[in-house]
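The structure file final.cif is reproduced below (mmCIF, C-alpha atoms).
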data_input
loop_
_atom_site.label_atom_id
_atom_site.label_comp_id
_atom_site.auth_asym_id
_atom_site.auth_seq_id
_atom_site.Cartn_x
_atom_site.Cartn_y
_atom_site.Cartn_z
CA MET A 1 18.41 -37.76 -14.67
CA ASN A 2 21.22 -39.76 -16.28
CA THR A 3 19.67 -39.19 -19.72
CA ILE A 4 19.53 -35.43 -19.12
CA ARG A 5 23.14 -35.43 -17.97
CA ALA A 6 24.24 -37.41 -21.02
CA GLY A 7 22.35 -34.99 -23.26
CA LEU A 8 24.07 -31.99 -21.66
CA LEU A 9 27.48 -33.62 -22.00
CA LEU A 10 26.76 -34.48 -25.63
CA ALA A 11 25.77 -30.86 -26.27
CA ALA A 12 29.05 -29.76 -24.66
CA MET A 13 30.95 -32.15 -26.94
CA THR A 14 29.21 -30.72 -30.01
CA GLY A 15 29.87 -27.15 -28.85
CA LEU A 16 33.54 -27.96 -28.40
CA PHE A 17 33.68 -29.39 -31.92
CA LEU A 18 32.16 -26.22 -33.38
CA ALA A 19 34.51 -24.07 -31.32
CA VAL A 20 37.54 -25.86 -32.74
CA GLY A 21 36.17 -25.25 -36.23
CA TYR A 22 35.78 -21.57 -35.42
CA VAL A 23 39.33 -21.26 -34.12
CA ILE A 24 40.68 -22.78 -37.32
CA GLY A 25 38.52 -21.01 -39.89
CA GLY A 26 36.17 -18.52 -38.25
CA THR A 27 32.47 -18.69 -39.03
CA GLY A 28 33.17 -20.58 -42.24
CA GLY A 29 35.24 -23.12 -40.34
CA MET A 30 32.46 -23.58 -37.83
CA VAL A 31 29.95 -24.23 -40.61
CA ILE A 32 32.30 -26.75 -42.23
CA ALA A 33 32.82 -28.43 -38.85
CA PHE A 34 29.06 -28.68 -38.39
CA ALA A 35 28.61 -30.23 -41.84
CA LEU A 36 31.45 -32.65 -41.13
CA ALA A 37 29.86 -33.66 -37.83
CA LEU A 38 26.56 -34.35 -39.56
CA ALA A 39 28.23 -36.47 -42.26
CA MET A 40 30.30 -38.49 -39.78
CA ASN A 41 27.34 -39.11 -37.49
CA ALA A 42 25.16 -40.16 -40.43
CA PHE A 43 27.78 -42.73 -41.39
CA ALA A 44 28.11 -43.89 -37.78
CA TYR A 45 24.32 -44.13 -37.41
CA TRP A 46 23.96 -46.53 -40.33
CA ASN A 47 27.24 -48.45 -40.20
CA SER A 48 28.82 -48.36 -36.72
CA ASP A 49 27.47 -51.76 -35.68
CA LYS A 50 28.86 -53.47 -38.78
CA VAL A 51 32.23 -51.76 -38.37
CA VAL A 52 32.74 -52.71 -34.72
CA LEU A 53 31.54 -56.30 -35.16
CA ARG A 54 33.88 -56.75 -38.12
CA MET A 55 36.70 -55.15 -36.14
CA TYR A 56 36.39 -57.81 -33.43
CA LYS A 57 35.82 -60.66 -35.92
CA ALA A 58 32.47 -61.43 -34.29
CA ARG A 59 30.52 -64.34 -35.75
CA GLU A 60 26.74 -64.35 -35.70
CA VAL A 61 25.15 -67.40 -34.09
CA ASP A 62 21.61 -68.77 -34.11
CA ARG A 63 19.79 -71.32 -31.96
CA ALA A 64 21.35 -74.20 -33.89
CA ALA A 65 24.91 -72.94 -33.40
CA ALA A 66 24.67 -71.86 -29.73
CA PRO A 67 21.30 -73.01 -28.34
CA GLN A 68 21.88 -72.29 -24.64
CA PHE A 69 23.34 -68.82 -25.17
CA TYR A 70 20.86 -67.86 -27.89
CA ASP A 71 17.84 -68.96 -25.86
CA LEU A 72 19.12 -67.12 -22.79
CA VAL A 73 19.33 -63.86 -24.78
CA ALA A 74 15.87 -64.53 -26.24
CA ARG A 75 14.34 -64.95 -22.77
CA LEU A 76 15.98 -61.77 -21.50
CA ALA A 77 14.90 -59.78 -24.57
CA GLN A 78 11.32 -60.94 -24.08
CA ARG A 79 11.46 -59.98 -20.40
CA ALA A 80 12.83 -56.55 -21.35
CA GLN A 81 10.09 -56.17 -24.01
CA LEU A 82 12.71 -55.75 -26.73
CA PRO A 83 12.91 -57.19 -30.24
CA MET A 84 15.27 -60.15 -30.47
CA PRO A 85 18.75 -58.75 -31.19
CA LYS A 86 21.31 -60.44 -33.37
CA VAL A 87 23.62 -62.58 -31.26
CA TYR A 88 27.38 -62.77 -31.79
CA ILE A 89 30.29 -64.63 -30.25
CA ILE A 90 33.85 -63.28 -30.34
CA ASP A 91 36.74 -65.72 -30.20
CA SER A 92 38.73 -63.98 -27.47
CA ALA A 93 40.12 -65.36 -24.23
CA GLN A 94 39.38 -62.10 -22.39
CA PRO A 95 35.95 -62.33 -20.72
CA ASN A 96 33.90 -59.35 -21.95
CA ALA A 97 30.78 -58.32 -23.83
CA PHE A 98 29.19 -55.35 -25.60
CA ALA A 99 26.05 -54.20 -27.40
CA THR A 100 25.81 -52.17 -30.58
CA GLY A 101 23.22 -50.94 -33.08
CA ARG A 102 21.41 -47.69 -33.77
CA ASP A 103 18.11 -48.67 -32.10
CA PRO A 104 16.36 -51.69 -30.50
CA GLU A 105 15.13 -52.85 -33.91
CA HIS A 106 18.71 -53.01 -35.26
CA ALA A 107 20.62 -54.15 -32.18
CA ALA A 108 23.28 -56.78 -31.66
CA VAL A 109 24.83 -58.23 -28.52
CA ALA A 110 28.20 -59.94 -28.43
CA ALA A 111 30.03 -61.99 -25.83
CA THR A 112 33.52 -63.43 -25.92
CA THR A 113 34.29 -67.12 -25.60
CA GLY A 114 36.29 -66.15 -22.52
CA LEU A 115 33.13 -64.82 -20.88
CA LEU A 116 31.05 -67.88 -21.74
CA ASN A 117 33.75 -70.15 -20.33
CA ALA A 118 34.37 -68.15 -17.14
CA LEU A 119 30.84 -67.40 -15.91
CA ASN A 120 27.96 -69.54 -14.73
CA GLU A 121 24.54 -69.25 -16.35
CA ASP A 122 23.14 -66.72 -13.87
CA GLU A 123 26.19 -64.51 -14.34
CA VAL A 124 25.99 -64.69 -18.14
CA ALA A 125 22.32 -63.73 -17.84
CA GLY A 126 23.28 -60.73 -15.71
CA VAL A 127 25.85 -59.56 -18.24
CA MET A 128 23.56 -59.95 -21.25
CA ALA A 129 20.74 -58.21 -19.35
CA HIS A 130 23.18 -55.32 -18.81
CA GLU A 131 23.82 -55.19 -22.56
CA LEU A 132 20.11 -55.30 -23.34
CA ALA A 133 19.62 -52.41 -20.91
CA HIS A 134 22.08 -50.44 -23.05
CA VAL A 135 19.92 -51.27 -26.08
CA LYS A 136 16.71 -50.32 -24.30
CA ASN A 137 18.20 -47.01 -23.14
CA ARG A 138 19.58 -46.36 -26.65
CA ASP A 139 23.04 -45.96 -25.13
CA THR A 140 24.59 -47.62 -28.15
CA LEU A 141 23.57 -44.67 -30.33
CA ILE A 142 24.66 -42.08 -27.75
CA MET A 143 28.08 -43.67 -27.33
CA THR A 144 28.57 -44.01 -31.08
CA ILE A 145 27.86 -40.31 -31.59
CA THR A 146 30.18 -39.23 -28.76
CA ALA A 147 32.98 -41.46 -30.03
CA THR A 148 32.54 -40.05 -33.55
CA ILE A 149 32.60 -36.42 -32.39
CA ALA A 150 35.57 -37.06 -30.10
CA GLY A 151 37.50 -38.54 -33.02
CA ALA A 152 36.54 -35.61 -35.24
CA ILE A 153 37.73 -33.12 -32.61
CA GLY A 154 41.11 -34.82 -32.55
CA MET A 155 41.25 -34.69 -36.33
CA LEU A 156 40.40 -30.97 -36.40
CA ALA A 157 43.02 -30.30 -33.75
CA ASN A 158 45.60 -31.89 -36.03
CA PHE A 159 44.38 -29.70 -38.89
CA ALA A 160 44.97 -26.68 -36.68
CA PHE A 161 48.66 -27.59 -36.51
CA PHE A 162 49.02 -27.53 -40.29
CA PHE A 163 46.75 -24.61 -41.12
CA GLY A 164 47.19 -22.45 -38.02
CA GLY A 165 44.60 -20.52 -36.09
CA ARG A 166 43.06 -17.12 -36.61
CA ARG A 167 44.73 -14.05 -35.09
CA GLU A 168 41.51 -13.20 -33.28
CA THR A 169 41.72 -16.52 -31.40
CA GLY A 170 45.34 -16.27 -30.33
CA GLY A 171 47.31 -17.21 -33.43
CA ILE A 172 49.98 -19.85 -32.85
CA LEU A 173 49.45 -19.87 -29.08
CA GLY A 174 45.73 -20.37 -29.51
CA THR A 175 46.40 -23.14 -32.02
CA LEU A 176 48.73 -24.94 -29.61
CA ALA A 177 46.15 -24.64 -26.85
CA ILE A 178 43.47 -26.12 -29.11
CA MET A 179 45.77 -28.98 -30.18
CA ILE A 180 46.38 -29.95 -26.56
CA LEU A 181 43.21 -29.03 -24.72
CA ALA A 182 40.43 -29.82 -27.22
CA PRO A 183 41.14 -33.57 -27.61
CA LEU A 184 41.69 -33.84 -23.84
CA ALA A 185 38.40 -32.11 -23.08
CA ALA A 186 36.60 -34.29 -25.65
CA SER A 187 38.02 -37.44 -24.06
CA LEU A 188 36.94 -36.32 -20.60
CA VAL A 189 33.39 -35.63 -21.78
CA GLN A 190 33.26 -38.96 -23.60
CA MET A 191 34.41 -40.79 -20.49
CA ALA A 192 31.90 -38.96 -18.30
CA ILE A 193 29.06 -40.03 -20.62
CA SER A 194 30.34 -43.60 -20.69
CA ARG A 195 30.51 -43.88 -16.90
CA THR A 196 26.99 -42.44 -16.58
CA ARG A 197 25.55 -44.95 -19.01
CA GLU A 198 27.32 -47.92 -17.39
CA TYR A 199 25.73 -47.23 -14.01
CA GLY A 200 22.33 -46.95 -15.70
CA ALA A 201 22.82 -50.22 -17.58
CA ASP A 202 23.85 -52.01 -14.38
CA ALA A 203 20.58 -50.95 -12.74
CA GLY A 204 18.56 -51.82 -15.84
CA GLY A 205 20.31 -55.15 -16.25
CA ALA A 206 19.62 -56.06 -12.63
CA GLU A 207 15.93 -55.35 -13.18
CA ILE A 208 15.77 -57.33 -16.41
CA SER A 209 17.57 -60.38 -14.99
CA GLY A 210 15.96 -60.07 -11.56
CA ASN A 211 19.29 -60.98 -9.96
CA PRO A 212 21.55 -58.00 -9.09
CA MET A 213 24.08 -60.18 -7.29
CA ALA A 214 24.64 -62.42 -10.30
CA LEU A 215 25.66 -59.31 -12.26
CA ALA A 216 27.83 -58.16 -9.35
CA SER A 217 29.56 -61.54 -9.25
CA ALA A 218 30.07 -61.42 -13.02
CA LEU A 219 31.60 -57.94 -12.86
CA ALA A 220 34.15 -59.10 -10.28
CA LYS A 221 35.16 -62.03 -12.50
CA LEU A 222 35.27 -59.89 -15.65
CA GLU A 223 37.44 -57.28 -13.94
CA ARG A 224 39.97 -59.93 -12.92
CA GLY A 225 39.87 -61.49 -16.37
CA ALA A 226 40.36 -58.19 -18.20
CA ARG A 227 43.40 -57.43 -16.05
CA SER A 228 45.04 -60.77 -16.71
CA VAL A 229 44.13 -61.44 -20.37
CA GLU A 230 44.98 -58.94 -23.11
CA ASN A 231 42.46 -58.07 -25.80
CA ASN A 232 44.66 -57.36 -28.82
CA GLU A 233 41.88 -55.90 -30.97
CA ALA A 234 40.85 -53.47 -28.22
CA GLU A 235 44.45 -52.48 -27.58
CA GLY A 236 44.72 -51.62 -31.27
CA ASN A 237 41.41 -49.70 -31.24
CA PRO A 238 41.22 -48.00 -27.81
CA ALA A 239 38.41 -45.67 -28.97
CA THR A 240 36.06 -48.69 -28.77
CA ALA A 241 36.92 -49.49 -25.13
CA HIS A 242 33.80 -47.75 -23.82
CA LEU A 243 31.57 -50.26 -25.63
CA PHE A 244 32.52 -53.15 -23.36
CA ILE A 245 30.94 -53.99 -20.01
CA VAL A 246 34.37 -53.72 -18.34
CA ASN A 247 37.39 -51.86 -19.63
CA PRO A 248 39.21 -54.19 -22.06
CA LEU A 249 42.36 -52.08 -21.68
CA ASN A 250 42.98 -53.45 -18.18
CA GLY A 251 40.67 -50.94 -16.46
CA HIS A 252 41.12 -48.92 -13.27
CA ARG A 253 39.95 -49.38 -9.70
CA ALA A 254 39.06 -45.71 -9.22
CA ASP A 255 36.74 -43.34 -11.09
CA ASN A 256 39.67 -41.24 -12.26
CA LEU A 257 39.48 -38.76 -15.11
CA PHE A 258 40.98 -41.13 -17.65
CA SER A 259 38.86 -44.23 -17.00
CA THR A 260 36.22 -45.12 -19.58
CA HIS A 261 34.33 -47.15 -16.98
CA PRO A 262 33.25 -46.60 -13.39
CA SER A 263 35.16 -48.37 -10.65
CA THR A 264 34.05 -51.99 -10.61
CA SER A 265 33.93 -51.95 -6.81
CA ASN A 266 31.58 -48.96 -6.95
CA ARG A 267 29.35 -50.76 -9.44
CA ILE A 268 29.24 -53.88 -7.27
CA ALA A 269 28.39 -51.78 -4.21
CA ARG A 270 25.43 -50.24 -6.03
CA LEU A 271 24.19 -53.66 -7.09
CA GLU A 272 24.53 -54.91 -3.52
CA ASN A 273 22.40 -51.99 -2.40
CA MET A 274 19.78 -52.93 -4.99
CA SER A 275 19.79 -56.51 -3.77
CA GLY A 276 19.91 -55.70 -0.06
CA ARG A 277 21.85 -58.86 0.74
CA ALA A 278 25.29 -60.43 0.48
CA PRO A 279 26.55 -61.85 -2.86
CA ARG A 280 25.59 -65.42 -3.74
CA HIS A 281 28.23 -68.01 -4.58
CA PRO A 282 28.29 -69.17 -8.23
CA THR A 283 26.15 -72.22 -8.82
CA GLY A 284 28.34 -73.86 -11.45
CA PRO A 285 30.26 -73.34 -14.70
CA TRP A 286 28.63 -71.95 -17.83
CA GLY A 287 28.03 -74.34 -20.51
#
Would you write the structure of this file as structure tokens?
Amino acid sequence: MNTIRAGLLLAAMTGLFLAVGYVIGGTGGMVIAFALALAMNAFAYWNSDKVVLRMYKAREVDRAAAPQFYDLVARLAQRAQLPMPKVYIIDSAQPNAFATGRDPEHAAVAATTGLLNALNEDEVAGVMAHELAHVKNRDTLIMTITATIAGAIGMLANFAFFFGGRRETGGILGTLAIMILAPLAASLVQMAISRTREYGADAGGAEISGNPMALASALAKLERGARSVENNEAEGNPATAHLFIVNPLNGHRADNLFSTHPSTSNRIARLENMSGRAPRHPTGPWG
């Protein structure tokens, strides 16, 4: 059901993009917008993982460099019946993690040093299982496409300011409406898709790790950490916020319209329902 919903929202995002092109240049503008969307998504499909990993200065590690972390990811990938992803560590004090890559065969998972220092081994396993669930569900591709289209809609809206709209679509008033409403609508759709995929990855991660409460405990710690420690790279690139397991931009407690992530308390409640028992206390520090 979540996949169907994400598909419908993605179709709405694409329709909005074409509509903005039509307002600016009629049928010809819509065709150009469609070609632009194809070109941007093709670039994102092949290069998005490299771009985001470079953006966060992630360094790839192997078993020799980070044996405990690498082997943990390997065990989880095997349990999830996934190819072994590339493993990265980001030197950031904010505890967080994300997955990227166009498909399971070209996937990468990354965790910050803040996460590895703040969580115990069971909690790290829960977080990385969550990220592998994103890979298994191909969420990384879906979110890359939505982020690309959302950015393109904002760019087209700016073009509308300089080139104006067609008289048939309201002229200057229609152009102003597009400038304001189109990027807002695109952001809302992007956030709705992101929240949908996060809930699905929580459930998938709990199944892969076999320990829903370890993930719930990790989410509580990550939420507190993200609120207290700034992630400078994310602050400078807010369009990538949806990639992380918790909002790196200091998050929100409620599922409001402008949150890229579901409420952490809601996510924990769902995991508690999956577990059917109270949270366990951490067993010790990670690594």
Identify, on the basis of only C-alpha atoms, every residue whose closest approach to Ala203 in chain A does not exceed 9 Å; exclude the query and any residue fewer than 6 positions from it along the same chain; express the result as a PyMOL selection string. chain A and resi 130+133+212+270-271+274
Preceding selection exported with C-alpha atoms as an mmCIF file, keeping the file's coordinate frame:
data_model
loop_
_atom_site.group_PDB
_atom_site.id
_atom_site.type_symbol
_atom_site.label_atom_id
_atom_site.label_comp_id
_atom_site.auth_asym_id
_atom_site.auth_seq_id
_atom_site.Cartn_x
_atom_site.Cartn_y
_atom_site.Cartn_z
ATOM 1 C CA HIS A 130 23.180 -55.320 -18.810
ATOM 2 C CA ALA A 133 19.620 -52.410 -20.910
ATOM 3 C CA PRO A 212 21.550 -58.000 -9.090
ATOM 4 C CA ARG A 270 25.430 -50.240 -6.030
ATOM 5 C CA LEU A 271 24.190 -53.660 -7.090
ATOM 6 C CA MET A 274 19.780 -52.930 -4.990
#
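Picture a line from CA of Ser275 in chain A to CA of Met128 in chain A; it runs 18.2 Å.
CA of Val109 in chain A to CA of Val87 in chain A spans 5.3 Å [interatomic distance, one decimal].
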Identify all residues satisfying the PyMOL selection byres ((chain A and resi 93) around 8) in the given file; provide them as a short mmCIF file (atom, residue, chain, number, x, y, z; two decimals) with C-alpha atoms, keeping the file's coordinate frame.
data_model
loop_
_atom_site.label_atom_id
_atom_site.label_comp_id
_atom_site.auth_asym_id
_atom_site.auth_seq_id
_atom_site.Cartn_x
_atom_site.Cartn_y
_atom_site.Cartn_z
CA ASP A 91 36.74 -65.72 -30.20
CA SER A 92 38.73 -63.98 -27.47
CA GLN A 94 39.38 -62.10 -22.39
CA PRO A 95 35.95 -62.33 -20.72
CA THR A 112 33.52 -63.43 -25.92
CA THR A 113 34.29 -67.12 -25.60
CA GLY A 114 36.29 -66.15 -22.52
CA LEU A 115 33.13 -64.82 -20.88
CA VAL A 229 44.13 -61.44 -20.37
CA ASN A 231 42.46 -58.07 -25.80
#
Polymer residues at most 7 Å from range 40-51 of chain A, only C-alpha atoms, same-chain spacing of 4 or more positions, as a list in words: Leu36, Met55, Thr100, Gly101, Arg102, Thr144, Ile145 and Thr148 of chain A
Taking the file as shown, find all residues satisfying the PyMOL selection byres ((chain A and resi 123) around 8) and write them as a PyMOL selection string. chain A and resi 119-122+124-127+214-215+217-218+282
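The residue that comes closest to Glu198 in chain A, out of A:Ile268, A:Ala220, A:Ala66, A:Val31 and on the basis of only C-alpha atoms, is A:Ile268.
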Could you state which residues are captured by the PyMOL selection byres ((chain A and resi 69-83) around 8) in this file, as a ChimeraX atom specification? /A:61-63,66-68,84-85,87,104-105,125,128-129,132-133,136,208-209
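If you measure from each of A:Leu116, A:Leu249, A:Leu243, A:Leu219 to Thr264 in chain A using all atoms listed in the file, the closest one turns out to be A:Leu219.
Of note, CA of Ala206 in chain A and CA of Lys86 in chain A are spaced 21.3 Å apart.
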Could you check the closest approach to Ala269 in chain A for each of A:Asn237, A:Ala99, A:Gly204, A:Tyr199 and tell me which residue wins, using only C-alpha atoms? A:Tyr199
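When all atoms listed in the file are used to measure the gap to Ala37 in chain A, the shortest distance among A:Gly210, A:Gly25, A:Gly276, A:Gly15 belongs to A:Gly15.
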